[in-house]
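Asker: Okay, here's the structure, questions in a sec.
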Amino acid sequence: MAMRTLPGWIVLMGALTAVGPLSIDLYLPAFPAIAAEFRATGAVELTLASFFTGLALGQLFYGPVSDRFGRKPPLYVGLALFVVASFGAAMAGSIEALIGWRFVQGLGGCAGMVIARAVVRDRCTPAEAARAFSMLILVMGLAPILAPLLGGAVVTWTGWRTLFVLLAGFGALCLVLVWRQLQESHDTSKKTHPLRLGLVLRDYAALFADKSFMRYTLTSSLAFTGMFAYIAGSPHVLMQLHGISPQHYGWFFGSNALGLIAASQLNARLLRRLDMTVLLQRGVLAAALAGASLALLALADVLALPLLLAGLFVYISSLGFISPNASAAALATQGSKAGTASALMGALQFVMATLAGASMSLWHDGSALPLAVVMGVCGAGAWALHRSGAAHTA
């Protein structure tokens, strides 16, 4: 696979992977408006938690189904469900209804995320897969750059409900492109994966017992959890604590996404001469240092806005090295079970992220401390886990 140009199928996989991030980033500037309309300040964060819960649970379904019936049929189901749920969220009459529709939206939107990883594994060798995942970040990274800017403008001009109509339109466009342009990448003619609950559970149990797979998966998941803490906590910390407007919040959020994209493209270039495990180690070290710095500065009550922004930028950028290399390493030996393995990777990421979000909500004290400490724990934990595994195999 030539990686010097951006193949059309990579662009489409990036768009499918971006469904989840877009569904989050687009409506972050709308948190104050939603809270004001429903008079539910503390409950708005639950719309994010319910979405992540749907993402986690849905992936466990789509992965095995895609191994048995191919990659395209589950995409049809998931994207259609996402479109319906997006319209439902746009018409929600209460915060409880919005929480429910966001859960269904997550159930549908995760199809593109889990199956995109499986398609990359179908088409690429492990080394090519690491570069391909870096290319995916280039495409999907546009979502956190543009979405908050667009979301802030839409909330100001037309209200938050329009955001979910836009998401429905994006989901419908992806559905059409999958139908018209995506070639099936998984051979189901041998029917080696009967879709029976016992066999599916056995496959998941085997993945849990695979030490290499779990080490790479948990390393990536811990680092991702720190990013989720940033996504969930930054609206309050930046807009309410530091007084940044919704429109300007989008610029700060987008600059971090730009750092993520730049790091992922540097990763793709460095993979031509360095092993992906070396680059992964450097990425988790950067995340650990950035997270620990944020936590220590917050605990000392000296976390000024410039220091906060610098720490967030380094942490988010480090994921450009962590995510593609950990994903490629975890999926390298999974072969025909790539869908199931991708599903477990995604589910663990979002389960851990949801738990972190819940802990931040319970700990909410009006300061940046919960955000900084959670990111510090996640960065240090990812580094320690990856380092211990590397030492064990050395």
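Identifiers in this document derive from the order of the structure tokens: chains are assigned A, B, ..., residues are numbered from 1 separately in each chain, and ligands are numbered from 1 in order of occurrence.
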How would you write, as a PyMOL selection string, the set of residues in region 102-334 of chain A that DSSP gives as alpha helix (DSSP H)?
Answerer: chain A and resi 102-123+126-140+142-157+161-181+197-209+211-234+246-270+276-299+305-331
Asker: Where does region 40-78 of chain A meet region 223-232 of chain A within 10 Å, residue by residue, with the nearest atom pair and distance in Å to one decimal for each, counting only C-alpha atoms, listed by chain and rising number, as a Markdown table?
Answerer:
```
| residue | atom | partner | partner_atom | distance |
| --- | --- | --- | --- | --- |
| A:Glu45 | CA | A:Ala232 | CA | 7.3 |
| A:Leu48 | CA | A:Ala232 | CA | 7.6 |
| A:Ala49 | CA | A:Ala232 | CA | 8.9 |
| A:Phe52 | CA | A:Phe228 | CA | 9.7 |
```
Asker: Give the answer as one residue: which of A:Leu79, A:Gly346, A:Thr354, A:Leu280 has the shortest atom-to-atom distance to Thr47 (chain A), using only C-alpha atoms?
Answerer: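 Distance minimum relative to Thr47 (chain A) lands on A:Thr354.
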Asker: Can you measure CA of Leu22 (chain A) to CA of Ala143 (chain A) for me? One decimal in Å is fine.
Answerer: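 Straight-line distance from CA of Leu22 (chain A) to CA of Ala143 (chain A) works out to 5.3 Å.
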Asker: For Tyr216 (chain A), please output as a PyMOL selection string all residues within 8 Å (counting only C-alpha atoms; exclusion window: fewer than 4 positions along the same chain).
Answerer: chain A and resi 212+220+326-327+329-330+386
Asker: Include N, CA and C atoms and write out the residues we just selected as a PDB file, in the first residue's frame.
Answerer:
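Listed below is the output, result_37.pdb:
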```
ATOM      1  N   SER A 212       0.378  -9.666  25.291  1.00  0.00           N
ATOM      2  CA  SER A 212       0.870  -8.618  24.396  1.00  0.00           C
ATOM      3  C   SER A 212      -0.279  -7.717  23.949  1.00  0.00           C
ATOM      4  N   SER A 220      -2.697   2.177  25.468  1.00  0.00           N
ATOM      5  CA  SER A 220      -3.433   3.133  24.649  1.00  0.00           C
ATOM      6  C   SER A 220      -4.690   3.630  25.368  1.00  0.00           C
ATOM      7  N   ALA A 326       0.277   1.862  19.125  1.00  0.00           N
ATOM      8  CA  ALA A 326      -0.328   0.873  20.016  1.00  0.00           C
ATOM      9  C   ALA A 326      -1.407   0.076  19.297  1.00  0.00           C
ATOM     10  N   SER A 327      -2.193   0.739  18.463  1.00  0.00           N
ATOM     11  CA  SER A 327      -3.249   0.034  17.721  1.00  0.00           C
ATOM     12  C   SER A 327      -2.656  -0.983  16.760  1.00  0.00           C
ATOM     13  N   ALA A 329       0.322  -2.411  16.890  1.00  0.00           N
ATOM     14  CA  ALA A 329       0.978  -3.490  17.622  1.00  0.00           C
ATOM     15  C   ALA A 329      -0.027  -4.456  18.225  1.00  0.00           C
ATOM     16  N   ALA A 330      -1.135  -3.929  18.738  1.00  0.00           N
ATOM     17  CA  ALA A 330      -2.151  -4.791  19.351  1.00  0.00           C
ATOM     18  C   ALA A 330      -2.833  -5.675  18.326  1.00  0.00           C
ATOM     19  N   HIS A 386       3.386   0.296  30.022  1.00  0.00           N
ATOM     20  CA  HIS A 386       4.175  -0.047  28.839  1.00  0.00           C
ATOM     21  C   HIS A 386       5.619  -0.362  29.211  1.00  0.00           C
TER      22      HIS A 386
END
```
Asker: With a distance cut-off of 10 Å and only C-alpha atoms, select the neighbouring residues of Ala90 (chain A), excluding the residue or stretch itself and same-chain residues fewer than 3 positions from it, and output the selection as a PyMOL selection string.
Answerer: chain A and resi 85-87+93+98+101+160-168
Asker: I'd like the interatomic distance between CA of Val284 (chain A) and CA of Ile316 (chain A), to a tenth of an Å.
Answerer: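 Atom-to-atom, CA of Val284 (chain A) to CA of Ile316 (chain A), that is 11.0 Å.
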Asker: With only C-alpha atoms as the atoms that count, which of A:Val178, A:Ala129, A:Ala15, A:Met135 lies nearest to Pro73 (chain A)?
Answerer: A:Val178
Asker: For Ala206 (chain A), list every protein, DNA or RNA residue within 12 Å, evaluated using only C-alpha atoms, and leave out those in the same chain fewer than 5 positions away; present the list as a list in words.
Answerer: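 Surrounding residues, per the criterion: Leu199, Val200, Leu201, Lys211, Ser212, Phe213, Met214, Gln334, Lys337, Thr340, Ala341 and Leu344 of chain A.
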Asker: For a quick check of understanding, using only C-alpha atoms, which of A:Phe253, A:Tyr315, A:Tyr27, A:Tyr204 has the smallest distance to Met345 (chain A)?
Answerer: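 Ranking A:Phe253, A:Tyr315, A:Tyr27, A:Tyr204 by distance to Met345 (chain A), first place goes to A:Tyr204.
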Asker: For Phe51 (chain A), list every protein, DNA or RNA residue within 10 Å, evaluated using only C-alpha atoms, and leave out those in the same chain fewer than 2 positions away; present the list as a list in words.
Answerer: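 Listing them by chain and then by number gives Gly20, Ser23, Ile24, Leu46, Thr47, Leu48, Ala49, Thr53, Gly54, Leu55, Ala56, Ile99, Gly100, Trp101, Arg102, Phe103, Val104, Gln105, Gly106, Leu107, Gly109, Cys110, Phe350 and Thr354 of chain A.
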Asker: Between CA of Leu222 (chain A) and CA of Ser388 (chain A), what is the spacing in Å?
Answerer: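 CA of Ser388 (chain A) sits 14.5 Å away from CA of Leu222 (chain A).
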Asker: Skip Ser317 (chain A) itself and residues of its chain fewer than 5 positions away, then list as a list in words all residues within 10 Å of it, counting only C-alpha atoms.
Answerer: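 Returned residues: Ser255, Asn256, Ala257, Leu258, Gly259, Leu260, Ile261, Ala262, Ala263, Ser264, Gly283, Ala286, Ala287, Gly311, Leu312 and Ile322 of chain A.
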Asker: With the cut-off set at 10 Å and counting only C-alpha atoms, tabulate each residue of region 62-165 of chain A with an atom at most that distance from an atom of region 241-246 of chain A, showing the nearest atom pair and its distance in Å to one decimal, ordered by chain and increasing number, as JSON lines.
Answerer:
```
{"residue": "A:Pro148", "atom": "CA", "partner": "A:Pro246", "partner_atom": "CA", "distance": 8.3}
{"residue": "A:Leu149", "atom": "CA", "partner": "A:Pro246", "partner_atom": "CA", "distance": 8.4}
{"residue": "A:Gly151", "atom": "CA", "partner": "A:Pro246", "partner_atom": "CA", "distance": 8.6}
{"residue": "A:Gly152", "atom": "CA", "partner": "A:Pro246", "partner_atom": "CA", "distance": 5.4}
{"residue": "A:Ala153", "atom": "CA", "partner": "A:Pro246", "partner_atom": "CA", "distance": 8.3}
{"residue": "A:Val155", "atom": "CA", "partner": "A:Pro246", "partner_atom": "CA", "distance": 8.8}
{"residue": "A:Thr156", "atom": "CA", "partner": "A:Pro246", "partner_atom": "CA", "distance": 8.7}
```
Asker: I need the chosen residues saved as a compact mmCIF listing (two decimals), in the first residue's frame, with N, CA and C atoms.
Answerer:
```
# COMPACT_ATOMS: atom_id res chain seq x y z
N PRO A 148 -15.39 22.45 17.16
CA PRO A 148 -15.71 23.43 18.20
C PRO A 148 -15.92 24.84 17.65
N LEU A 149 -15.17 25.19 16.60
CA LEU A 149 -15.36 26.50 15.99
C LEU A 149 -16.75 26.60 15.36
N GLY A 151 -19.28 24.61 16.11
CA GLY A 151 -20.27 24.46 17.18
C GLY A 151 -20.51 25.76 17.91
N GLY A 152 -19.44 26.50 18.22
CA GLY A 152 -19.61 27.77 18.91
C GLY A 152 -20.40 28.77 18.08
N ALA A 153 -20.13 28.80 16.75
CA ALA A 153 -20.86 29.71 15.88
C ALA A 153 -22.33 29.31 15.75
N VAL A 155 -24.19 27.53 17.84
CA VAL A 155 -24.89 27.78 19.10
C VAL A 155 -25.26 29.25 19.22
N THR A 156 -24.35 30.11 18.81
CA THR A 156 -24.60 31.55 18.91
C THR A 156 -25.67 32.01 17.93
```
Asker: Let me make sure I understand: among A:Ala268, A:Gln240, A:Gly381, A:Ser94, which one has the smallest atom-to-atom distance to Ile137 (chain A) if we use only C-alpha atoms?
Answerer: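 Under the stated criterion, the closest residue is A:Ala268.
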Asker: Name the closest residue to Ile10 (chain A) among the candidates A:Leu138, A:Val176, A:Leu81, A:Ala40; distances are taken between atoms, counting only C-alpha atoms.
Answerer: A:Leu138
Asker: Between A:His186, A:His364, A:Arg387, A:Arg117, single out the one closest to Gly14 (chain A), counting only C-alpha atoms.
Answerer: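 Answer, going by the shortest atom-to-atom distance: A:Arg117.
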